[in-house]
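Reproduced below: run_15.pdb, with PDB, C-alpha atoms, pLDDT in the B column.
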```pdb
ATOM      1  CA  MET A  11     -25.575  -2.447  11.792  1.00 76.00           C
ATOM      2  CA  PRO A  12     -25.860  -5.919  10.176  1.00 81.00           C
ATOM      3  CA  THR A  13     -25.046  -6.697   6.584  1.00 84.00           C
ATOM      4  CA  THR A  14     -27.589  -6.559   3.762  1.00 82.00           C
ATOM      5  CA  ILE A  15     -30.013  -9.470   3.412  1.00 76.00           C
ATOM      6  CA  ASN A  16     -30.333  -9.818  -0.369  1.00 76.00           C
ATOM      7  CA  SER A  17     -27.964  -7.570  -2.288  1.00 82.00           C
ATOM      8  CA  GLY A  18     -24.790  -8.635  -0.462  1.00 85.00           C
ATOM      9  CA  VAL A  19     -25.211 -12.326  -1.294  1.00 86.00           C
ATOM     10  CA  ALA A  20     -26.105 -11.467  -4.900  1.00 85.00           C
ATOM     11  CA  LEU A  21     -22.948  -9.352  -5.225  1.00 88.00           C
ATOM     12  CA  VAL A  22     -20.749 -12.102  -3.752  1.00 89.00           C
ATOM     13  CA  LYS A  23     -22.256 -14.554  -6.236  1.00 88.00           C
ATOM     14  CA  ALA A  24     -21.611 -12.106  -9.084  1.00 87.00           C
ATOM     15  CA  ALA A  25     -17.994 -11.745  -7.899  1.00 88.00           C
ATOM     16  CA  LYS A  26     -17.653 -15.572  -7.857  1.00 87.00           C
ATOM     17  CA  GLY A  27     -16.915 -15.535  -4.146  1.00 88.00           C
ATOM     18  CA  ASN A  28     -17.822 -17.885  -1.323  1.00 90.00           C
ATOM     19  CA  VAL A  29     -21.646 -17.749  -1.415  1.00 89.00           C
ATOM     20  CA  ALA A  30     -22.065 -20.175   1.507  1.00 89.00           C
ATOM     21  CA  LEU A  31     -19.970 -17.911   3.732  1.00 90.00           C
ATOM     22  CA  ALA A  32     -21.936 -14.878   2.531  1.00 89.00           C
ATOM     23  CA  LEU A  33     -25.196 -16.563   3.572  1.00 86.00           C
ATOM     24  CA  LEU A  34     -23.703 -17.462   6.950  1.00 87.00           C
ATOM     25  CA  LEU A  35     -22.561 -13.874   7.545  1.00 89.00           C
ATOM     26  CA  THR A  36     -26.005 -12.592   6.536  1.00 86.00           C
ATOM     27  CA  VAL A  37     -27.892 -14.836   8.936  1.00 81.00           C
ATOM     28  CA  ALA A  38     -25.427 -14.457  11.809  1.00 85.00           C
ATOM     29  CA  SER A  39     -25.126 -10.656  11.614  1.00 84.00           C
ATOM     30  CA  ASN A  40     -28.882 -10.119  11.355  1.00 79.00           C
ATOM     31  CA  LEU A  41     -29.527 -12.526  14.238  1.00 79.00           C
ATOM     32  CA  LEU A  42     -27.038 -10.737  16.464  1.00 81.00           C
ATOM     33  CA  GLY A  43     -28.017  -7.281  15.241  1.00 78.00           C
ATOM     34  CA  SER A  44     -31.680  -7.779  16.088  1.00 72.00           C
ATOM     35  CA  PHE A  45     -30.731  -8.162  19.757  1.00 76.00           C
ATOM     36  CA  THR A  46     -27.591  -6.069  20.204  1.00 76.00           C
ATOM     37  CA  LEU A  47     -28.752  -2.993  18.288  1.00 73.00           C
ATOM     38  CA  ALA A  48     -31.773  -2.442  20.515  1.00 66.00           C
ATOM     39  CA  LEU A  49     -29.729  -2.821  23.691  1.00 70.00           C
ATOM     40  CA  LEU A  50     -26.677  -0.772  22.683  1.00 70.00           C
ATOM     41  CA  LEU A  51     -28.282   2.092  20.768  1.00 69.00           C
ATOM     42  CA  VAL A  52     -27.725   5.533  22.314  1.00 65.00           C
ATOM     43  CA  VAL A  53     -28.603   8.730  20.418  1.00 63.00           C
ATOM     44  CA  ASP A  54     -27.520  12.118  21.836  1.00 61.00           C
ATOM     45  CA  ASP A  55     -28.325  11.075  25.400  1.00 62.00           C
ATOM     46  CA  VAL A  56     -31.993  10.581  24.422  1.00 61.00           C
ATOM     47  CA  ALA A  57     -33.628   7.754  26.346  1.00 59.00           C
ATOM     48  CA  ILE A  58     -34.850   5.049  23.959  1.00 65.00           C
ATOM     49  CA  ASP A  59     -36.776   2.131  25.399  1.00 66.00           C
ATOM     50  CA  PRO A  60     -34.977  -0.917  23.964  1.00 68.00           C
ATOM     51  CA  PHE A  61     -37.807  -3.423  24.383  1.00 75.00           C
ATOM     52  CA  PRO A  62     -40.289  -1.980  21.831  1.00 73.00           C
ATOM     53  CA  LEU A  63     -37.390  -1.633  19.403  1.00 71.00           C
ATOM     54  CA  LEU A  64     -36.283  -5.200  20.104  1.00 74.00           C
ATOM     55  CA  LEU A  65     -39.790  -6.566  19.520  1.00 77.00           C
ATOM     56  CA  LYS A  66     -40.151  -4.652  16.266  1.00 74.00           C
ATOM     57  CA  LEU A  67     -36.765  -5.787  14.991  1.00 73.00           C
ATOM     58  CA  ILE A  68     -37.581  -9.398  15.819  1.00 75.00           C
ATOM     59  CA  SER A  69     -41.015  -9.246  14.163  1.00 76.00           C
ATOM     60  CA  MET A  70     -39.931  -7.337  11.040  1.00 72.00           C
ATOM     61  CA  ILE A  71     -36.350  -8.562  10.427  1.00 71.00           C
ATOM     62  CA  LEU A  72     -35.514 -11.690  12.381  1.00 73.00           C
ATOM     63  CA  LEU A  73     -38.790 -13.638  12.223  1.00 79.00           C
ATOM     64  CA  PRO A  74     -39.295 -13.412   8.427  1.00 79.00           C
ATOM     65  CA  LEU A  75     -35.647 -14.315   7.869  1.00 74.00           C
ATOM     66  CA  VAL A  76     -35.785 -17.386  10.114  1.00 78.00           C
ATOM     67  CA  LEU A  77     -39.187 -18.576   8.858  1.00 82.00           C
ATOM     68  CA  GLY A  78     -38.150 -18.211   5.223  1.00 80.00           C
ATOM     69  CA  LYS A  79     -34.899 -20.072   5.800  1.00 78.00           C
ATOM     70  CA  LEU A  80     -36.622 -22.894   7.694  1.00 83.00           C
ATOM     71  CA  ALA A  81     -39.368 -23.238   5.090  1.00 84.00           C
ATOM     72  CA  ARG A  82     -36.881 -23.393   2.230  1.00 80.00           C
ATOM     73  CA  GLU A  83     -34.623 -25.925   3.928  1.00 80.00           C
ATOM     74  CA  SER A  84     -37.319 -28.185   5.412  1.00 84.00           C
ATOM     75  CA  SER A  85     -39.773 -28.409   2.515  1.00 83.00           C
ATOM     76  CA  ALA A  86     -38.838 -29.679  -0.925  1.00 84.00           C
ATOM     77  CA  ARG A  87     -42.010 -28.131  -2.330  1.00 85.00           C
ATOM     78  CA  VAL A  88     -41.115 -24.674  -0.990  1.00 83.00           C
ATOM     79  CA  LEU A  89     -37.560 -25.028  -2.298  1.00 82.00           C
ATOM     80  CA  ALA A  90     -38.853 -25.996  -5.739  1.00 85.00           C
ATOM     81  CA  PHE A  91     -41.248 -23.027  -5.745  1.00 85.00           C
ATOM     82  CA  TYR A  92     -38.411 -20.706  -4.741  1.00 80.00           C
ATOM     83  CA  SER A  93     -36.141 -22.091  -7.465  1.00 82.00           C
ATOM     84  CA  ARG A  94     -38.813 -21.597 -10.140  1.00 85.00           C
ATOM     85  CA  HIS A  95     -39.738 -18.070  -9.078  1.00 81.00           C
ATOM     86  CA  LYS A  96     -36.428 -16.834  -7.685  1.00 76.00           C
ATOM     87  CA  LEU A  97     -36.281 -13.749  -9.903  1.00 76.00           C
ATOM     88  CA  ALA A  98     -39.907 -12.786  -9.236  1.00 80.00           C
ATOM     89  CA  LEU A  99     -39.456 -13.171  -5.479  1.00 77.00           C
ATOM     90  CA  SER A 100     -36.302 -11.067  -5.544  1.00 73.00           C
ATOM     91  CA  LEU A 101     -38.115  -8.350  -7.471  1.00 74.00           C
ATOM     92  CA  LEU A 102     -41.020  -8.520  -5.023  1.00 77.00           C
ATOM     93  CA  SER A 103     -38.621  -8.104  -2.106  1.00 71.00           C
ATOM     94  CA  SER A 104     -37.068  -5.064  -3.775  1.00 68.00           C
ATOM     95  CA  VAL A 105     -40.489  -3.542  -4.462  1.00 75.00           C
ATOM     96  CA  VAL A 106     -41.602  -4.003  -0.852  1.00 72.00           C
ATOM     97  CA  MET A 107     -38.350  -2.443   0.370  1.00 66.00           C
ATOM     98  CA  SER A 108     -38.859   0.498  -1.989  1.00 69.00           C
ATOM     99  CA  VAL A 109     -42.395   1.012  -0.676  1.00 72.00           C
ATOM    100  CA  ILE A 110     -41.140   1.075   2.924  1.00 66.00           C
ATOM    101  CA  VAL A 111     -38.481   3.643   2.033  1.00 64.00           C
ATOM    102  CA  TRP A 112     -41.001   5.692   0.038  1.00 69.00           C
ATOM    103  CA  MET A 113     -43.391   5.774   2.982  1.00 68.00           C
ATOM    104  CA  SER A 114     -40.621   6.985   5.270  1.00 61.00           C
ATOM    105  CA  ILE A 115     -39.621   9.723   2.823  1.00 64.00           C
ATOM    106  CA  SER A 116     -43.210  10.781   2.141  1.00 67.00           C
ATOM    107  CA  SER A 117     -43.816  11.486   5.810  1.00 62.00           C
ATOM    108  CA  SER A 118     -41.255  14.306   5.577  1.00 61.00           C
ATOM    109  CA  ALA A 119     -41.756  15.359   1.960  1.00 64.00           C
ATOM    110  CA  SER A 120     -42.201  19.045   2.794  1.00 66.00           C
ATOM    111  CA  VAL A 121     -38.875  19.146   4.641  1.00 64.00           C
ATOM    112  CA  LEU A 122     -36.995  17.178   1.995  1.00 66.00           C
ATOM    113  CA  LYS A 123     -38.139  19.568  -0.733  1.00 71.00           C
ATOM    114  CA  GLN A 124     -36.296  22.341   1.066  1.00 74.00           C
ATOM    115  CA  LEU A 125     -32.949  20.554   0.815  1.00 74.00           C
ATOM    116  CA  ALA A 126     -30.472  22.320  -1.428  1.00 77.00           C
ATOM    117  CA  TRP A 127     -28.723  20.344  -4.148  1.00 77.00           C
ATOM    118  CA  GLN A 128     -25.410  20.994  -2.365  1.00 84.00           C
ATOM    119  CA  ASN A 129     -26.702  19.035   0.616  1.00 82.00           C
ATOM    120  CA  VAL A 130     -27.666  16.094  -1.574  1.00 81.00           C
ATOM    121  CA  ILE A 131     -24.208  16.088  -3.217  1.00 88.00           C
ATOM    122  CA  GLY A 132     -22.667  16.273   0.253  1.00 87.00           C
ATOM    123  CA  LEU A 133     -24.663  13.214   1.368  1.00 85.00           C
ATOM    124  CA  LEU A 134     -23.457  11.273  -1.670  1.00 88.00           C
ATOM    125  CA  ILE A 135     -19.820  12.246  -1.078  1.00 91.00           C
ATOM    126  CA  VAL A 136     -19.986  11.305   2.606  1.00 91.00           C
ATOM    127  CA  GLY A 137     -21.626   7.986   1.696  1.00 89.00           C
ATOM    128  CA  ILE A 138     -18.846   7.243  -0.797  1.00 92.00           C
ATOM    129  CA  LEU A 139     -16.109   8.101   1.708  1.00 94.00           C
ATOM    130  CA  ILE A 140     -17.625   5.950   4.472  1.00 92.00           C
ATOM    131  CA  HIS A 141     -18.035   2.968   2.177  1.00 93.00           C
ATOM    132  CA  VAL A 142     -14.506   3.304   0.791  1.00 94.00           C
ATOM    133  CA  ILE A 143     -13.189   3.316   4.370  1.00 95.00           C
ATOM    134  CA  TYR A 144     -15.160   0.131   5.099  1.00 93.00           C
ATOM    135  CA  LEU A 145     -13.847  -1.546   1.949  1.00 93.00           C
ATOM    136  CA  THR A 146     -10.244  -0.544   2.616  1.00 94.00           C
ATOM    137  CA  PHE A 147     -10.278  -1.692   6.226  1.00 95.00           C
ATOM    138  CA  ASN A 148     -12.024  -4.996   5.479  1.00 93.00           C
ATOM    139  CA  TYR A 149      -9.781  -5.762   2.503  1.00 93.00           C
ATOM    140  CA  ALA A 150      -6.654  -5.077   4.542  1.00 92.00           C
ATOM    141  CA  ALA A 151      -7.925  -7.235   7.414  1.00 91.00           C
ATOM    142  CA  ALA A 152      -8.984 -10.112   5.145  1.00 90.00           C
ATOM    143  CA  SER A 153      -5.790 -10.054   3.063  1.00 87.00           C
ATOM    144  CA  PHE A 154      -2.911  -9.063   5.325  1.00 87.00           C
ATOM    145  CA  VAL A 155      -4.155 -10.003   8.795  1.00 86.00           C
ATOM    146  CA  LEU A 156      -6.267 -13.112   8.196  1.00 86.00           C
ATOM    147  CA  GLY A 157      -4.634 -14.250   4.942  1.00 84.00           C
ATOM    148  CA  LEU A 158      -7.898 -15.505   3.394  1.00 87.00           C
ATOM    149  CA  THR A 159      -8.138 -17.178   0.005  1.00 86.00           C
ATOM    150  CA  THR A 160      -9.612 -15.184  -2.872  1.00 87.00           C
ATOM    151  CA  PRO A 161     -13.222 -16.544  -2.795  1.00 89.00           C
ATOM    152  CA  THR A 162     -13.401 -16.173   0.986  1.00 90.00           C
ATOM    153  CA  ARG A 163     -11.839 -12.725   0.853  1.00 91.00           C
ATOM    154  CA  LYS A 164     -14.456 -11.595  -1.670  1.00 91.00           C
ATOM    155  CA  ALA A 165     -17.288 -12.707   0.611  1.00 91.00           C
ATOM    156  CA  VAL A 166     -15.828 -11.149   3.760  1.00 93.00           C
ATOM    157  CA  VAL A 167     -14.984  -7.794   2.165  1.00 93.00           C
ATOM    158  CA  ILE A 168     -18.345  -7.336   0.428  1.00 92.00           C
ATOM    159  CA  MET A 169     -20.544  -8.593   3.270  1.00 92.00           C
ATOM    160  CA  ALA A 170     -18.678  -6.739   6.019  1.00 91.00           C
ATOM    161  CA  SER A 171     -18.826  -3.486   4.039  1.00 91.00           C
ATOM    162  CA  GLN A 172     -22.547  -3.661   3.211  1.00 89.00           C
ATOM    163  CA  LYS A 173     -25.058  -2.252   5.723  1.00 87.00           C
ATOM    164  CA  THR A 174     -28.735  -3.177   5.698  1.00 82.00           C
ATOM    165  CA  LEU A 175     -31.348  -0.527   4.952  1.00 81.00           C
ATOM    166  CA  PRO A 176     -34.522  -2.225   6.320  1.00 77.00           C
ATOM    167  CA  MET A 177     -33.163  -2.429   9.853  1.00 78.00           C
ATOM    168  CA  ALA A 178     -31.968   1.177   9.711  1.00 78.00           C
ATOM    169  CA  ILE A 179     -35.419   2.391   8.608  1.00 78.00           C
ATOM    170  CA  THR A 180     -37.075   0.296  11.317  1.00 75.00           C
ATOM    171  CA  VAL A 181     -34.871   1.843  13.983  1.00 77.00           C
ATOM    172  CA  LEU A 182     -35.355   5.393  12.667  1.00 77.00           C
ATOM    173  CA  ASN A 183     -39.137   5.060  12.687  1.00 73.00           C
ATOM    174  CA  LEU A 184     -39.016   4.439  16.451  1.00 73.00           C
ATOM    175  CA  PHE A 185     -36.974   7.542  17.239  1.00 74.00           C
ATOM    176  CA  PRO A 186     -38.795  10.188  19.322  1.00 71.00           C
ATOM    177  CA  PRO A 187     -40.016  13.309  17.410  1.00 70.00           C
ATOM    178  CA  SER A 188     -37.507  15.435  19.320  1.00 71.00           C
ATOM    179  CA  LEU A 189     -34.696  14.020  17.163  1.00 72.00           C
ATOM    180  CA  GLY A 190     -36.173  15.432  13.941  1.00 70.00           C
ATOM    181  CA  GLU A 191     -38.143  14.434  10.873  1.00 71.00           C
ATOM    182  CA  PRO A 192     -37.950  10.670  10.196  1.00 69.00           C
ATOM    183  CA  GLY A 193     -37.671  11.144   6.434  1.00 71.00           C
ATOM    184  CA  LEU A 194     -34.887  13.685   6.792  1.00 76.00           C
ATOM    185  CA  ILE A 195     -32.961  11.409   9.149  1.00 78.00           C
ATOM    186  CA  ALA A 196     -33.436   8.509   6.717  1.00 79.00           C
ATOM    187  CA  ALA A 197     -31.964  10.462   3.774  1.00 80.00           C
ATOM    188  CA  PRO A 198     -28.292   9.610   4.620  1.00 84.00           C
ATOM    189  CA  CYS A 199     -29.212   5.929   5.014  1.00 83.00           C
ATOM    190  CA  ILE A 200     -30.924   5.855   1.627  1.00 83.00           C
ATOM    191  CA  THR A 201     -28.103   7.620  -0.233  1.00 84.00           C
ATOM    192  CA  SER A 202     -25.484   5.418   1.476  1.00 86.00           C
ATOM    193  CA  HIS A 203     -27.400   2.277   0.483  1.00 85.00           C
ATOM    194  CA  LEU A 204     -27.535   3.448  -3.129  1.00 85.00           C
ATOM    195  CA  VAL A 205     -23.839   4.324  -3.115  1.00 88.00           C
ATOM    196  CA  GLN A 206     -22.700   1.018  -1.584  1.00 89.00           C
ATOM    197  CA  THR A 207     -24.772  -0.986  -4.080  1.00 88.00           C
ATOM    198  CA  LEU A 208     -23.300   0.836  -7.089  1.00 88.00           C
ATOM    199  CA  ILE A 209     -19.702   0.686  -5.829  1.00 91.00           C
ATOM    200  CA  ASP A 210     -19.863  -2.987  -4.858  1.00 90.00           C
ATOM    201  CA  ALA A 211     -21.559  -3.913  -8.137  1.00 89.00           C
ATOM    202  CA  PHE A 212     -18.586  -2.369  -9.969  1.00 90.00           C
ATOM    203  CA  ILE A 213     -16.114  -4.184  -7.687  1.00 91.00           C
ATOM    204  CA  ALA A 214     -17.971  -7.490  -8.087  1.00 89.00           C
ATOM    205  CA  GLY A 215     -17.732  -7.196 -11.873  1.00 87.00           C
ATOM    206  CA  LYS A 216     -13.976  -6.669 -11.680  1.00 87.00           C
ATOM    207  CA  TRP A 217     -13.510  -9.354  -9.043  1.00 87.00           C
ATOM    208  CA  SER A 218     -15.405 -11.952 -11.086  1.00 84.00           C
ATOM    209  CA  MET A 219     -12.335 -12.155 -13.344  1.00 80.00           C
ATOM    210  CA  LEU A 220     -10.030 -12.864 -10.378  1.00 70.00           C
ATOM    211  CA  GLN A 221     -10.030 -16.596  -9.669  1.00 63.00           C
ATOM    212  CA  GLU A 222      -6.649 -17.463  -8.099  1.00 60.00           C
ATOM    213  CA  GLU A 223      -6.957 -19.603  -4.985  1.00 54.00           C
ATOM    214  CA  TYR A 224      -3.791 -18.538  -3.174  1.00 56.00           C
ATOM    215  CA  ALA A 225      -3.957 -17.034   0.294  1.00 57.00           C
ATOM    216  CA  PRO A 226      -1.722 -14.068   1.166  1.00 62.00           C
ATOM    217  CA  VAL A 227       0.710 -14.562   4.020  1.00 60.00           C
ATOM    218  CA  PRO A 228      -0.679 -12.771   7.111  1.00 64.00           C
ATOM    219  CA  ILE A 229       1.404  -9.975   8.609  1.00 62.00           C
ATOM    220  CA  TRP A 230       1.821 -11.772  11.927  1.00 58.00           C
ATOM    221  CA  ARG A 231       3.250 -14.808  10.132  1.00 62.00           C
ATOM    222  CA  ARG A 232       5.657 -12.622   8.178  1.00 60.00           C
ATOM    223  CA  PHE A 233       6.958 -11.088  11.387  1.00 60.00           C
ATOM    224  CA  ALA A 234       7.240 -14.554  12.924  1.00 58.00           C
ATOM    225  CA  CYS A 235       9.304 -15.733   9.957  1.00 55.00           C
ATOM    226  CA  CYS A 236      11.531 -12.649  10.029  1.00 55.00           C
ATOM    227  CA  SER A 237      12.132 -12.840  13.765  1.00 52.00           C
ATOM    228  CA  ARG A 238      13.237 -16.495  13.660  1.00 51.00           C
ATOM    229  CA  PRO A 239      17.031 -16.748  13.724  1.00 49.00           C
ATOM    230  CA  PRO A 240      18.628 -18.628  10.822  1.00 47.00           C
ATOM    231  CA  ILE A 241      19.704 -22.192  11.513  1.00 44.00           C
ATOM    232  CA  ALA A 242      23.082 -23.174  10.114  1.00 42.00           C
ATOM    233  CA  THR A 243      23.577 -26.895   9.494  1.00 42.00           C
ATOM    234  CA  ASP A 244      25.913 -29.081   7.505  1.00 41.00           C
ATOM    235  CA  ARG A 245      24.638 -31.600   4.999  1.00 43.00           C
ATOM    236  CA  VAL A 246      26.464 -34.014   2.719  1.00 40.00           C
ATOM    237  CA  VAL A 247      25.025 -34.368  -0.797  1.00 43.00           C
ATOM    238  CA  GLN A 248      26.785 -36.761  -3.161  1.00 46.00           C
ATOM    239  CA  GLY A 249      30.032 -36.416  -1.277  1.00 44.00           C
ATOM    240  CA  THR A 250      29.894 -32.585  -1.166  1.00 46.00           C
ATOM    241  CA  LYS A 251      29.530 -30.784   2.137  1.00 43.00           C
ATOM    242  CA  LEU A 252      26.926 -27.962   1.949  1.00 44.00           C
ATOM    243  CA  LYS A 253      26.147 -25.389   4.604  1.00 44.00           C
ATOM    244  CA  LEU A 254      22.442 -24.609   4.957  1.00 41.00           C
ATOM    245  CA  SER A 255      21.067 -21.344   6.381  1.00 43.00           C
ATOM    246  CA  GLY A 256      17.466 -21.301   7.628  1.00 46.00           C
ATOM    247  CA  GLY A 257      17.047 -24.955   6.704  1.00 45.00           C
ATOM    248  CA  VAL A 258      16.892 -24.242   2.926  1.00 43.00           C
ATOM    249  CA  ILE A 259      19.586 -25.128   0.383  1.00 42.00           C
TER
END
```
Rewrite the coordinates I just gave you, this time as structure tokens.
Amino acid sequence: MPTTINSGVALVKAAKGNVALALLLTVASNLLGSFTLALLLVVDDVAIDPFPLLLKLISMILLPLVLGKLARESSARVLAFYSRHKLALSLLSSVVMSVIVWMSISSSASVLKQLAWQNVIGLLIVGILIHVIYLTFNYAAASFVLGLTTPTRKAVVIMASQKTLPMAITVLNLFPPSLGEPGLIAAPCITSHLVQTLIDAFIAGKWSMLQEEYAPVPIWRRFACCSRPPIATDRVVQGTKLKLSGGVI
């Protein structure tokens, strides 16, 4: 599942991370996800025709994203309009997304009303655990494997841990009725989206105070340094003979 389209970039900006990289990850993951998700999706051995799903993903996710990006970059007038009304457009996007989610939930309102409060708490706990696993894995990979600098690490960890809700709802609406009520299936996606937004907003606030530019030494480089045998050499400094180990005085 690709990364979020709006909230991820906003959180990276709030964390004072690499916003350009966050935008690149958003566009690239949604471009790839629009094609790969339809072709690779398998649900309980139920046959799902990938081509209607692919067309819907392209028309509802990919096409608006590409057209909006092209219009903003190619037209100074559109860019100026976007800059003046950035907050209003962001709110409009959130409202439209809320309406789509509300429509999906309303189609299964009678079933959702029968959910016990224990089930709702369970969904929230599972959503928290899954997102914490994503954050832990991505932070470890960005810090100790890739050795990224702090602004880049912020962008990679947040964007790789966020999962988009619009694409998930689009896919769920195309599932056959034999898999269950669409609104009931969408409930875990909605709670997980809420959980990831709240957790990452808290992390972004803490991370905004972290501004050091150093990059951690990757694990593979540490092993390479440890496995290199020390080099003993002799060097004369001001008439004194010094023995160097590992090339350092």
*Got a sec to resolve the PyMOL selection byres ((chain A and resi 41) around 10) on this structure and send the residues as a PyMOL selection string?*
chain A and resi 12+35-40+42-46+67-68+71-73+75-76
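For the pair atom CA of Leu133 of chain A and atom CA of Ala197 of chain A, the separation is 8.2 Å.
As for atom CA of Ile135 of chain A and atom CA of Thr180 of chain A, they are spaced 24.4 Å apart.
Among the candidates A:Gly193, A:Met177, A:His141, A:Leu64, the one nearest to Leu49 of chain A when counting only C-alpha atoms is A:Leu64.
Here the question is which of A:Leu63, A:Ile15, A:Leu184, A:Ala32 gets nearest to Thr162 of chain A using all atoms listed in the file, and that residue is A:Ala32.
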*Selection result for the PyMOL selection byres ((chain A and resi 208-217) around 8) on this file, as JSON, numbers by chain*: {"A": [21, 22, 24, 25, 26, 164, 168, 204, 205, 206, 207, 218, 219, 220]}
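With atom CA of Leu145 of chain A on one side and atom CA of Ala196 of chain A on the other, the separation reads 22.5 Å.
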*Taking into account only C-alpha atoms, which residue in the set A:Leu134, A:Ala20, A:Leu182, A:Ala150 is nearest to Leu33 of chain A?*
A:Ala20
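Remark: for Val181 of chain A, the closest of the candidate residues A:Val109, A:Cys199, A:Trp127, A:Asn28 is A:Cys199 (distances computed over all atoms listed in the file).
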